[in-house]
file coords_21.csv (CSV, C-alpha atoms)
chain,number,residue,atom,x,y,z
A,295,MET,CA,-5.7,15.2,19.5
A,296,GLU,CA,-6.8,14.8,15.9
A,297,MET,CA,-8.0,11.4,14.7
A,298,PHE,CA,-7.6,10.7,11.0
A,299,LYS,CA,-9.2,7.7,9.3
A,300,THR,CA,-7.2,6.5,6.4
A,301,LYS,CA,-8.1,3.9,3.8
A,302,VAL,CA,-5.1,2.4,2.1
A,303,LEU,CA,-5.4,-0.2,-0.6
A,304,PHE,CA,-2.8,-2.9,-1.1
A,305,VAL,CA,-2.9,-3.9,-4.7
A,306,GLY,CA,-0.7,-5.7,-7.2
A,307,PRO,CA,-0.1,-9.0,-9.0
A,308,ASN,CA,-1.1,-12.4,-7.6
A,309,GLU,CA,1.4,-14.0,-5.2
A,310,SER,CA,3.4,-10.8,-4.6
A,311,GLY,CA,3.1,-10.8,-0.8
A,312,LYS,CA,0.3,-8.3,-0.2
A,313,THR,CA,-1.4,-10.5,2.5
A,314,VAL,CA,1.9,-11.3,4.3
A,315,LEU,CA,2.8,-7.6,4.4
A,316,ALA,CA,-0.7,-6.5,5.5
A,317,ASN,CA,-0.7,-9.1,8.3
A,318,PHE,CA,2.8,-7.9,9.4
A,319,LEU,CA,2.0,-4.2,9.3
A,320,SER,CA,-1.3,-4.6,11.2
A,321,ASP,CA,0.2,-7.1,13.7
A,322,THR,CA,-2.4,-9.7,12.5
A,323,THR,CA,-1.0,-13.2,12.6
A,324,GLU,CA,-2.9,-16.0,11.1
A,325,LYS,CA,-2.0,-19.5,12.0
A,326,VAL,CA,-2.3,-21.0,8.5
A,327,GLY,CA,1.1,-22.4,7.8
A,328,ASP,CA,3.1,-21.3,4.8
A,329,GLU,CA,0.8,-22.5,2.1
A,330,TYR,CA,-0.3,-19.8,-0.4
A,331,ARG,CA,-4.0,-18.9,-0.2
A,332,PRO,CA,-5.1,-16.3,-2.7
A,333,THR,CA,-7.3,-13.6,-1.1
A,334,GLN,CA,-10.9,-13.8,-2.3
A,335,GLY,CA,-11.9,-10.3,-3.3
A,336,VAL,CA,-10.7,-8.1,-0.4
A,337,ARG,CA,-9.8,-8.4,3.3
A,338,VAL,CA,-10.0,-5.3,5.5
A,339,LEU,CA,-7.6,-5.0,8.4
A,340,GLU,CA,-8.1,-2.2,10.9
A,341,PHE,CA,-5.5,-0.9,13.4
A,342,GLU,CA,-4.4,2.4,15.0
A,343,SER,CA,-1.1,3.9,14.3
A,344,GLN,CA,0.9,7.1,14.9
A,345,PRO,CA,2.2,8.1,11.5
A,346,GLU,CA,5.7,9.4,11.5
A,347,GLY,CA,6.0,13.2,11.3
A,348,SER,CA,2.5,13.8,12.8
A,349,ALA,CA,3.0,13.7,16.5
A,350,ASP,CA,-0.5,15.1,17.4
A,351,LYS,CA,-2.4,12.9,15.1
A,352,THR,CA,-3.5,9.3,15.6
A,353,CYS,CA,-4.5,7.4,12.6
A,354,GLU,CA,-7.1,4.8,12.3
A,355,VAL,CA,-5.9,2.7,9.4
A,356,GLU,CA,-8.1,0.6,7.2
A,357,LEU,CA,-5.8,-1.6,5.2
A,358,TRP,CA,-7.6,-3.1,2.2
A,359,ASP,CA,-5.7,-6.2,1.1
A,360,CYS,CA,-7.1,-6.6,-2.5
A,361,SER,CA,-6.9,-9.8,-4.5
A,362,GLY,CA,-4.6,-9.6,-7.5
A,363,ASP,CA,-7.0,-11.6,-9.5
A,364,PHE,CA,-8.5,-9.8,-12.5
A,365,LYS,CA,-11.8,-11.7,-12.0
A,366,TYR,CA,-12.5,-9.1,-9.3
A,367,GLU,CA,-11.9,-6.2,-11.6
A,368,SER,CA,-15.6,-5.1,-11.6
A,369,CYS,CA,-15.4,-4.5,-7.8
A,370,TRP,CA,-12.3,-2.3,-8.0
A,371,PRO,CA,-14.1,1.0,-8.5
A,372,ALA,CA,-16.1,0.3,-5.3
A,373,LEU,CA,-12.9,-0.5,-3.4
A,374,MET,CA,-11.3,2.8,-4.6
A,375,LYS,CA,-14.1,4.9,-3.2
A,376,ASP,CA,-12.8,7.3,-0.5
A,377,CYS,CA,-9.3,5.7,-0.5
A,378,SER,CA,-6.6,7.9,0.8
A,379,GLY,CA,-3.6,5.9,-0.4
A,380,VAL,CA,-2.5,3.1,-2.7
A,381,VAL,CA,0.4,0.7,-2.2
A,382,ILE,CA,1.4,-1.4,-5.2
A,383,ILE,CA,3.2,-4.6,-4.0
A,384,PHE,CA,5.1,-6.8,-6.4
A,385,ASN,CA,7.7,-9.5,-6.4
A,386,PRO,CA,10.9,-8.2,-8.1
A,387,ASP,CA,12.0,-11.8,-8.7
A,388,VAL,CA,9.1,-12.2,-11.2
A,389,PRO,CA,10.0,-10.3,-14.4
A,390,SER,CA,6.4,-10.0,-15.6
A,391,HIS,CA,5.5,-8.1,-12.3
A,392,LEU,CA,7.5,-5.1,-13.5
A,393,LYS,CA,5.2,-4.8,-16.5
A,394,GLU,CA,2.1,-5.7,-14.6
A,395,ILE,CA,2.5,-2.9,-12.0
A,396,GLU,CA,2.1,-0.4,-14.9
A,397,THR,CA,-1.5,-1.8,-15.3
A,398,TRP,CA,-2.1,-1.5,-11.5
A,399,HIS,CA,-0.8,2.0,-11.6
A,400,SER,CA,-3.1,3.1,-14.4
A,401,MET,CA,-6.2,1.4,-12.8
A,402,PHE,CA,-5.7,2.5,-9.2
A,403,ILE,CA,-3.5,5.6,-9.2
A,404,SER,CA,-3.9,7.5,-12.5
A,405,SER,CA,-7.7,7.2,-12.2
A,406,GLN,CA,-7.7,8.5,-8.7
A,407,SER,CA,-6.1,12.0,-8.7
A,408,LEU,CA,-3.9,11.0,-5.7
A,409,GLN,CA,-0.7,12.9,-5.2
A,410,ASP,CA,2.5,10.9,-5.7
A,411,LYS,CA,3.2,11.0,-1.9
A,412,GLN,CA,-0.1,9.1,-1.3
A,413,CYS,CA,1.3,6.2,-3.3
A,414,LEU,CA,4.0,3.7,-2.6
A,415,LEU,CA,5.7,0.8,-4.4
A,416,ILE,CA,6.9,-2.1,-2.4
A,417,ALA,CA,9.3,-4.6,-3.9
A,418,HIS,CA,8.6,-7.5,-1.7
A,419,HIS,CA,11.5,-10.0,-1.5
A,420,LYS,CA,10.5,-13.5,-0.5
A,421,PRO,CA,12.9,-15.9,1.3
A,422,GLY,CA,15.7,-16.8,-1.0
A,423,SER,CA,15.2,-13.8,-3.3
A,424,GLU,CA,17.9,-13.3,-5.9
A,425,VAL,CA,17.2,-9.6,-6.6
A,426,GLU,CA,19.4,-7.0,-5.0
A,427,ASN,CA,17.9,-4.0,-3.3
A,428,GLY,CA,18.6,-1.4,-5.9
A,429,ARG,CA,17.0,0.5,-8.6
A,430,LEU,CA,14.6,-1.5,-10.7
A,431,PRO,CA,13.8,-1.0,-14.4
A,432,LEU,CA,10.5,0.7,-13.9
A,433,ALA,CA,8.4,2.7,-16.3
A,434,SER,CA,8.9,6.5,-16.0
A,435,ASN,CA,5.5,7.2,-14.4
A,436,LEU,CA,6.4,4.7,-11.7
A,437,ASN,CA,9.8,6.1,-11.1
A,438,ARG,CA,8.2,9.2,-9.5
A,439,LEU,CA,6.8,7.1,-6.7
A,440,GLN,CA,8.6,6.2,-3.6
A,441,LEU,CA,9.9,2.6,-3.8
A,442,ILE,CA,10.9,0.6,-0.8
A,443,HIS,CA,12.3,-2.9,-0.7
A,444,SER,CA,10.7,-5.2,1.8
A,445,ASN,CA,12.5,-8.2,3.3
A,446,LEU,CA,10.6,-9.4,6.4
A,447,GLU,CA,13.3,-12.1,7.1
A,448,GLU,CA,16.1,-9.7,7.3
A,449,GLU,CA,14.8,-6.2,8.0
A,450,PRO,CA,11.2,-6.3,9.3
A,451,GLU,CA,11.5,-3.1,11.4
A,452,GLU,CA,12.9,-1.1,8.4
A,453,VAL,CA,9.8,-2.1,6.5
A,454,ARG,CA,7.5,-1.0,9.3
A,455,GLN,CA,9.3,2.3,9.7
A,456,ALA,CA,9.1,3.0,6.0
A,457,PHE,CA,5.4,2.2,6.0
A,458,TYR,CA,4.8,4.6,9.0
A,459,ARG,CA,6.7,7.4,7.1
A,460,TYR,CA,4.4,6.7,4.1
A,461,LEU,CA,1.3,6.9,6.4
A,462,GLY,CA,2.6,10.3,7.6
A,463,ASN,CA,2.7,11.5,4.0
A,464,VAL,CA,-0.9,10.2,3.5
A,465,VAL,CA,-2.1,12.0,6.6
A,466,ASN,CA,-0.4,15.2,5.6
A,467,ALA,CA,-1.9,15.1,2.2
A,468,MET,CA,-5.3,14.5,3.8
A,469,SER,CA,-4.8,17.5,6.1
A,470,GLU,CA,-3.8,19.7,3.1
A,471,ASN,CA,-6.9,18.6,1.2
A,472,ARG,CA,-9.1,19.2,4.2
A,473,GLU,CA,-7.7,22.7,4.7
A,474,GLN,CA,-8.2,23.5,1.0
A,475,GLU,CA,-11.8,22.3,1.2
A,476,GLU,CA,-12.4,24.4,4.3
A,477,MET,CA,-10.8,27.5,2.5
A,478,SER,CA,-13.0,27.0,-0.5
A,479,ILE,CA,-16.1,26.9,1.6
A,480,ILE,CA,-15.1,30.2,3.4
A,481,THR,CA,-14.1,32.1,0.2

call {"tool": "encode", "arguments": {"input": "coords_21.csv", "output": "structure tokens"}}
result
Amino acid sequence: MEMFKTKVLFVGPNESGKTVLANFLSDTTEKVGDEYRPTQGVRVLEFESQPEGSADKTCEVELWDCSGDFKYESCWPALMKDCSGVVIIFNPDVPSHLKEIETWHSMFISSQSLQDKQCLLIAHHKPGSEVENGRLPLASNLNRLQLIHSNLEEEPEEVRQAFYRYLGNVVNAMSENREQEEMSIIT
């Protein structure tokens, strides 16, 4: 059985739900009540997963829950080193987030030569969200990326399944890259 180690960054505006989603997807529960605590710099969560569509592969996932605060911007190039996927998380109830995620895209995705399938947008709906799960008015470069709506109150398992499908895409992209590298060594 092949073991892949993936490093996935969770990035996006402040208070968009990155930590809540990271805790949920890694089965980390923190007993801290509901008060908002901004992440300082970065938190790394590790767990094993079997990505969808890759039966013979186990995946050791490093989920890097990155602060949305621009005061940490100088650290971002170091965080991006060797990353195999980027997930941009935003709150669709906050109109400014739709603009802000363009900045996140240019800093974390455009600069990284990642394939579209290694990137994911998550519109994270907080309890009492007003926004419908539909198409959002995104910039054209963002429309190429897969967008999922996350509502942990109503459909937690759908969110988990969508994330596992995304991990499957990341692992497949890593396999392809590895094969290309091996071929280039041989030829």

call {"tool": "closest_residue", "arguments": {"input": "coords_21.csv", "among": "A:Cys369, A:Val465, A:Ile383, A:Met477", "to": "Val336 in chain A", "atoms": "all atoms listed in the file"}}
result
A:Cys369

call {"tool": "residues_around", "arguments": {"input": "coords_21.csv", "residues": "range 427-440 of chain A", "least_positions_apart": "5", "cutoff": "8 Å", "atoms": "all atoms listed in the file", "output": "list in words"}}
result
Leu392, Glu396, His399, Asp410, Lys411, Cys413, Leu414 and Leu415 of chain A

call {"tool": "residues_around", "arguments": {"input": "coords_21.csv", "residues": "Ser310 in chain A", "least_positions_apart": "3", "cutoff": "10 Å", "atoms": "only C-alpha atoms", "output": "PyMOL selection string"}}
result
chain A and resi 305-307+313-315+362+382-388+391+416-420

call {"tool": "atom_distance", "arguments": {"input": "coords_21.csv", "atom1": "CA of Asn463 in chain A", "atom2": "CA of Phe341 in chain A"}}
result
17.6 Å

call {"tool": "residues_around", "arguments": {"input": "coords_21.csv", "residues": "Asn466 in chain A", "least_positions_apart": "3", "cutoff": "10 Å", "atoms": "only C-alpha atoms", "output": "list in words"}}
result
Pro345, Gly347, Ser348, Lys351, Lys411, Gln412, Tyr460, Leu461, Gly462, Asn463, Ser469, Glu470, Asn471 and Arg472 of chain A

call {"tool": "atom_distance", "arguments": {"input": "coords_21.csv", "atom1": "CA of Val380 in chain A", "atom2": "CA of Leu303 in chain A"}}
result
4.9 Å

call {"tool": "closest_residue", "arguments": {"input": "coords_21.csv", "among": "A:Cys377, A:Glu424, A:Ile480, A:Ala316", "to": "Pro389 in chain A", "atoms": "all atoms listed in the file"}}
result
A:Glu424

call {"tool": "closest_residue", "arguments": {"input": "coords_21.csv", "among": "A:Gln334, A:Glu476, A:Leu373, A:Leu339", "to": "Phe318 in chain A", "atoms": "all atoms listed in the file"}}
result
A:Leu339

call {"tool": "closest_residue", "arguments": {"input": "coords_21.csv", "among": "A:Val425, A:Leu446, A:Ala456, A:Val302", "to": "Ile403 in chain A", "atoms": "only C-alpha atoms"}}
result
A:Val302

call {"tool": "residues_around", "arguments": {"input": "coords_21.csv", "residues": "Glu342 in chain A", "least_positions_apart": "2", "cutoff": "12 Å", "atoms": "all atoms listed in the file", "output": "PDB file with C-alpha atoms, in the frame of the given file"}}
result
ATOM      1  CA  MET A 297      -8.000  11.400  14.700  1.00  0.00           C
ATOM      2  CA  PHE A 298      -7.600  10.700  11.000  1.00  0.00           C
ATOM      3  CA  LYS A 299      -9.200   7.700   9.300  1.00  0.00           C
ATOM      4  CA  THR A 300      -7.200   6.500   6.400  1.00  0.00           C
ATOM      5  CA  LYS A 301      -8.100   3.900   3.800  1.00  0.00           C
ATOM      6  CA  LEU A 319       2.000  -4.200   9.300  1.00  0.00           C
ATOM      7  CA  SER A 320      -1.300  -4.600  11.200  1.00  0.00           C
ATOM      8  CA  ASP A 321       0.200  -7.100  13.700  1.00  0.00           C
ATOM      9  CA  LEU A 339      -7.600  -5.000   8.400  1.00  0.00           C
ATOM     10  CA  GLU A 340      -8.100  -2.200  10.900  1.00  0.00           C
ATOM     11  CA  GLN A 344       0.900   7.100  14.900  1.00  0.00           C
ATOM     12  CA  PRO A 345       2.200   8.100  11.500  1.00  0.00           C
ATOM     13  CA  LYS A 351      -2.400  12.900  15.100  1.00  0.00           C
ATOM     14  CA  THR A 352      -3.500   9.300  15.600  1.00  0.00           C
ATOM     15  CA  CYS A 353      -4.500   7.400  12.600  1.00  0.00           C
ATOM     16  CA  GLU A 354      -7.100   4.800  12.300  1.00  0.00           C
ATOM     17  CA  VAL A 355      -5.900   2.700   9.400  1.00  0.00           C
ATOM     18  CA  GLU A 356      -8.100   0.600   7.200  1.00  0.00           C
ATOM     19  CA  LEU A 357      -5.800  -1.600   5.200  1.00  0.00           C
ATOM     20  CA  TYR A 458       4.800   4.600   9.000  1.00  0.00           C
ATOM     21  CA  LEU A 461       1.300   6.900   6.400  1.00  0.00           C
TER      22      LEU A 461
END

call {"tool": "atom_distance", "arguments": {"input": "coords_21.csv", "atom1": "CA of Trp358 in chain A", "atom2": "CA of Phe304 in chain A"}}
result
5.8 Å

call {"tool": "closest_residue", "arguments": {"input": "coords_21.csv", "among": "A:Lys375, A:Arg454, A:Lys365, A:Arg331", "to": "Ile442 in chain A", "atoms": "all atoms listed in the file"}}
result
A:Arg454

call {"tool": "closest_residue", "arguments": {"input": "coords_21.csv", "among": "A:Glu475, A:Glu346, A:Glu367, A:Glu452", "to": "Thr397 in chain A", "atoms": "only C-alpha atoms"}}
result
A:Glu367

call {"tool": "decode", "arguments": {"input": "coords_21.csv", "residues": "range 440-454 of chain A", "atoms": "all heavy atoms", "output": "PDB file, in the first residue's frame"}}
result
ATOM      1  N   GLN A 440     -13.057  24.292  -8.062  1.00  0.00           N
ATOM      2  CA  GLN A 440     -14.233  23.657  -7.477  1.00  0.00           C
ATOM      3  C   GLN A 440     -14.665  24.451  -6.255  1.00  0.00           C
ATOM      4  O   GLN A 440     -13.844  24.861  -5.431  1.00  0.00           O
ATOM      5  CB  GLN A 440     -13.903  22.223  -7.076  1.00  0.00           C
ATOM      6  CG  GLN A 440     -15.129  21.479  -6.581  1.00  0.00           C
ATOM      7  CD  GLN A 440     -14.790  20.169  -5.899  1.00  0.00           C
ATOM      8  OE1 GLN A 440     -13.647  19.753  -5.828  1.00  0.00           O
ATOM      9  NE2 GLN A 440     -15.815  19.529  -5.366  1.00  0.00           N
ATOM     10  N   LEU A 441     -15.975  24.691  -6.149  1.00  0.00           N
ATOM     11  CA  LEU A 441     -16.535  25.411  -5.012  1.00  0.00           C
ATOM     12  C   LEU A 441     -17.497  24.491  -4.281  1.00  0.00           C
ATOM     13  O   LEU A 441     -18.360  23.879  -4.908  1.00  0.00           O
ATOM     14  CB  LEU A 441     -17.300  26.649  -5.502  1.00  0.00           C
ATOM     15  CG  LEU A 441     -18.218  27.330  -4.478  1.00  0.00           C
ATOM     16  CD1 LEU A 441     -17.413  28.016  -3.387  1.00  0.00           C
ATOM     17  CD2 LEU A 441     -19.131  28.336  -5.168  1.00  0.00           C
ATOM     18  N   ILE A 442     -17.303  24.345  -2.980  1.00  0.00           N
ATOM     19  CA  ILE A 442     -18.304  23.609  -2.210  1.00  0.00           C
ATOM     20  C   ILE A 442     -18.856  24.526  -1.130  1.00  0.00           C
ATOM     21  O   ILE A 442     -18.176  25.435  -0.648  1.00  0.00           O
ATOM     22  CB  ILE A 442     -17.760  22.296  -1.589  1.00  0.00           C
ATOM     23  CG1 ILE A 442     -16.657  22.572  -0.575  1.00  0.00           C
ATOM     24  CG2 ILE A 442     -17.294  21.338  -2.659  1.00  0.00           C
ATOM     25  CD1 ILE A 442     -16.206  21.326   0.174  1.00  0.00           C
ATOM     26  N   HIS A 443     -20.104  24.289  -0.785  1.00  0.00           N
ATOM     27  CA  HIS A 443     -20.737  25.032   0.302  1.00  0.00           C
ATOM     28  C   HIS A 443     -20.668  24.161   1.544  1.00  0.00           C
ATOM     29  O   HIS A 443     -20.974  22.976   1.490  1.00  0.00           O
ATOM     30  CB  HIS A 443     -22.193  25.346  -0.046  1.00  0.00           C
ATOM     31  CG  HIS A 443     -22.324  26.392  -1.101  1.00  0.00           C
ATOM     32  ND1 HIS A 443     -22.430  27.722  -0.808  1.00  0.00           N
ATOM     33  CD2 HIS A 443     -22.333  26.296  -2.458  1.00  0.00           C
ATOM     34  CE1 HIS A 443     -22.519  28.416  -1.933  1.00  0.00           C
ATOM     35  NE2 HIS A 443     -22.456  27.569  -2.952  1.00  0.00           N
ATOM     36  N   SER A 444     -20.256  24.756   2.638  1.00  0.00           N
ATOM     37  CA  SER A 444     -20.140  23.965   3.854  1.00  0.00           C
ATOM     38  C   SER A 444     -21.117  24.496   4.892  1.00  0.00           C
ATOM     39  O   SER A 444     -21.157  25.695   5.160  1.00  0.00           O
ATOM     40  CB  SER A 444     -18.699  24.023   4.359  1.00  0.00           C
ATOM     41  OG  SER A 444     -18.628  24.567   5.634  1.00  0.00           O
ATOM     42  N   ASN A 445     -21.921  23.589   5.409  1.00  0.00           N
ATOM     43  CA  ASN A 445     -22.828  23.950   6.482  1.00  0.00           C
ATOM     44  C   ASN A 445     -22.775  22.818   7.509  1.00  0.00           C
ATOM     45  O   ASN A 445     -23.415  21.788   7.337  1.00  0.00           O
ATOM     46  CB  ASN A 445     -24.251  24.128   5.937  1.00  0.00           C
ATOM     47  CG  ASN A 445     -25.178  24.683   6.993  1.00  0.00           C
ATOM     48  OD1 ASN A 445     -25.020  24.400   8.183  1.00  0.00           O
ATOM     49  ND2 ASN A 445     -26.133  25.484   6.571  1.00  0.00           N
ATOM     50  N   LEU A 446     -21.964  23.015   8.532  1.00  0.00           N
ATOM     51  CA  LEU A 446     -21.726  21.926   9.485  1.00  0.00           C
ATOM     52  C   LEU A 446     -22.952  21.646  10.345  1.00  0.00           C
ATOM     53  O   LEU A 446     -23.071  20.557  10.894  1.00  0.00           O
ATOM     54  CB  LEU A 446     -20.516  22.246  10.369  1.00  0.00           C
ATOM     55  CG  LEU A 446     -19.191  22.375   9.606  1.00  0.00           C
ATOM     56  CD1 LEU A 446     -18.049  22.639  10.559  1.00  0.00           C
ATOM     57  CD2 LEU A 446     -18.905  21.125   8.778  1.00  0.00           C
ATOM     58  N   GLU A 447     -23.868  22.620  10.452  1.00  0.00           N
ATOM     59  CA  GLU A 447     -25.097  22.365  11.221  1.00  0.00           C
ATOM     60  C   GLU A 447     -25.984  21.375  10.462  1.00  0.00           C
ATOM     61  O   GLU A 447     -26.543  20.472  11.041  1.00  0.00           O
ATOM     62  CB  GLU A 447     -25.893  23.669  11.401  1.00  0.00           C
ATOM     63  CG  GLU A 447     -25.721  24.342  12.749  1.00  0.00           C
ATOM     64  CD  GLU A 447     -24.273  24.689  13.035  1.00  0.00           C
ATOM     65  OE1 GLU A 447     -23.663  25.345  12.157  1.00  0.00           O
ATOM     66  OE2 GLU A 447     -23.761  24.297  14.086  1.00  0.00           O
ATOM     67  N   GLU A 448     -26.120  21.609   9.149  1.00  0.00           N
ATOM     68  CA  GLU A 448     -27.116  20.849   8.399  1.00  0.00           C
ATOM     69  C   GLU A 448     -26.557  19.652   7.653  1.00  0.00           C
ATOM     70  O   GLU A 448     -27.215  18.629   7.543  1.00  0.00           O
ATOM     71  CB  GLU A 448     -27.857  21.788   7.426  1.00  0.00           C
ATOM     72  CG  GLU A 448     -28.711  22.796   8.195  1.00  0.00           C
ATOM     73  CD  GLU A 448     -29.286  23.867   7.286  1.00  0.00           C
ATOM     74  OE1 GLU A 448     -29.397  23.625   6.069  1.00  0.00           O
ATOM     75  OE2 GLU A 448     -29.616  24.947   7.808  1.00  0.00           O
ATOM     76  N   GLU A 449     -25.352  19.781   7.080  1.00  0.00           N
ATOM     77  CA  GLU A 449     -24.843  18.698   6.226  1.00  0.00           C
ATOM     78  C   GLU A 449     -23.386  18.388   6.504  1.00  0.00           C
ATOM     79  O   GLU A 449     -22.554  18.467   5.600  1.00  0.00           O
ATOM     80  CB  GLU A 449     -24.992  19.079   4.746  1.00  0.00           C
ATOM     81  CG  GLU A 449     -26.401  19.426   4.357  1.00  0.00           C
ATOM     82  CD  GLU A 449     -26.424  20.452   3.228  1.00  0.00           C
ATOM     83  OE1 GLU A 449     -25.468  21.240   3.099  1.00  0.00           O
ATOM     84  OE2 GLU A 449     -27.398  20.447   2.482  1.00  0.00           O
ATOM     85  N   PRO A 450     -23.048  18.017   7.736  1.00  0.00           N
ATOM     86  CA  PRO A 450     -21.634  17.802   8.036  1.00  0.00           C
ATOM     87  C   PRO A 450     -21.003  16.701   7.181  1.00  0.00           C
ATOM     88  O   PRO A 450     -19.873  16.851   6.716  1.00  0.00           O
ATOM     89  CB  PRO A 450     -21.629  17.441   9.523  1.00  0.00           C
ATOM     90  CG  PRO A 450     -23.022  17.023   9.836  1.00  0.00           C
ATOM     91  CD  PRO A 450     -23.909  17.772   8.899  1.00  0.00           C
ATOM     92  N   GLU A 451     -21.714  15.600   6.945  1.00  0.00           N
ATOM     93  CA  GLU A 451     -21.094  14.500   6.209  1.00  0.00           C
ATOM     94  C   GLU A 451     -20.869  14.845   4.741  1.00  0.00           C
ATOM     95  O   GLU A 451     -19.916  14.381   4.132  1.00  0.00           O
ATOM     96  CB  GLU A 451     -21.883  13.194   6.362  1.00  0.00           C
ATOM     97  CG  GLU A 451     -21.646  12.526   7.710  1.00  0.00           C
ATOM     98  CD  GLU A 451     -20.161  12.495   8.133  1.00  0.00           C
ATOM     99  OE1 GLU A 451     -19.316  11.978   7.363  1.00  0.00           O
ATOM    100  OE2 GLU A 451     -19.825  12.996   9.219  1.00  0.00           O
ATOM    101  N   GLU A 452     -21.736  15.685   4.174  1.00  0.00           N
ATOM    102  CA  GLU A 452     -21.521  16.110   2.788  1.00  0.00           C
ATOM    103  C   GLU A 452     -20.225  16.902   2.681  1.00  0.00           C
ATOM    104  O   GLU A 452     -19.488  16.787   1.704  1.00  0.00           O
ATOM    105  CB  GLU A 452     -22.691  16.970   2.297  1.00  0.00           C
ATOM    106  CG  GLU A 452     -23.896  16.150   1.893  1.00  0.00           C
ATOM    107  CD  GLU A 452     -25.024  17.016   1.362  1.00  0.00           C
ATOM    108  OE1 GLU A 452     -24.749  18.077   0.753  1.00  0.00           O
ATOM    109  OE2 GLU A 452     -26.188  16.635   1.577  1.00  0.00           O
ATOM    110  N   VAL A 453     -19.958  17.715   3.697  1.00  0.00           N
ATOM    111  CA  VAL A 453     -18.724  18.506   3.705  1.00  0.00           C
ATOM    112  C   VAL A 453     -17.522  17.558   3.763  1.00  0.00           C
ATOM    113  O   VAL A 453     -16.556  17.705   3.013  1.00  0.00           O
ATOM    114  CB  VAL A 453     -18.714  19.471   4.912  1.00  0.00           C
ATOM    115  CG1 VAL A 453     -17.399  20.241   4.983  1.00  0.00           C
ATOM    116  CG2 VAL A 453     -19.900  20.432   4.833  1.00  0.00           C
ATOM    117  N   ARG A 454     -17.601  16.567   4.641  1.00  0.00           N
ATOM    118  CA  ARG A 454     -16.496  15.613   4.790  1.00  0.00           C
ATOM    119  C   ARG A 454     -16.255  14.849   3.477  1.00  0.00           C
ATOM    120  O   ARG A 454     -15.123  14.708   3.028  1.00  0.00           O
ATOM    121  CB  ARG A 454     -16.799  14.637   5.931  1.00  0.00           C
ATOM    122  CG  ARG A 454     -15.590  13.833   6.388  1.00  0.00           C
ATOM    123  CD  ARG A 454     -15.946  12.831   7.472  1.00  0.00           C
ATOM    124  NE  ARG A 454     -16.457  13.395   8.702  1.00  0.00           N
ATOM    125  CZ  ARG A 454     -15.687  13.855   9.691  1.00  0.00           C
ATOM    126  NH1 ARG A 454     -14.383  13.840   9.580  1.00  0.00           N
ATOM    127  NH2 ARG A 454     -16.230  14.338  10.784  1.00  0.00           N
TER     128      ARG A 454
END
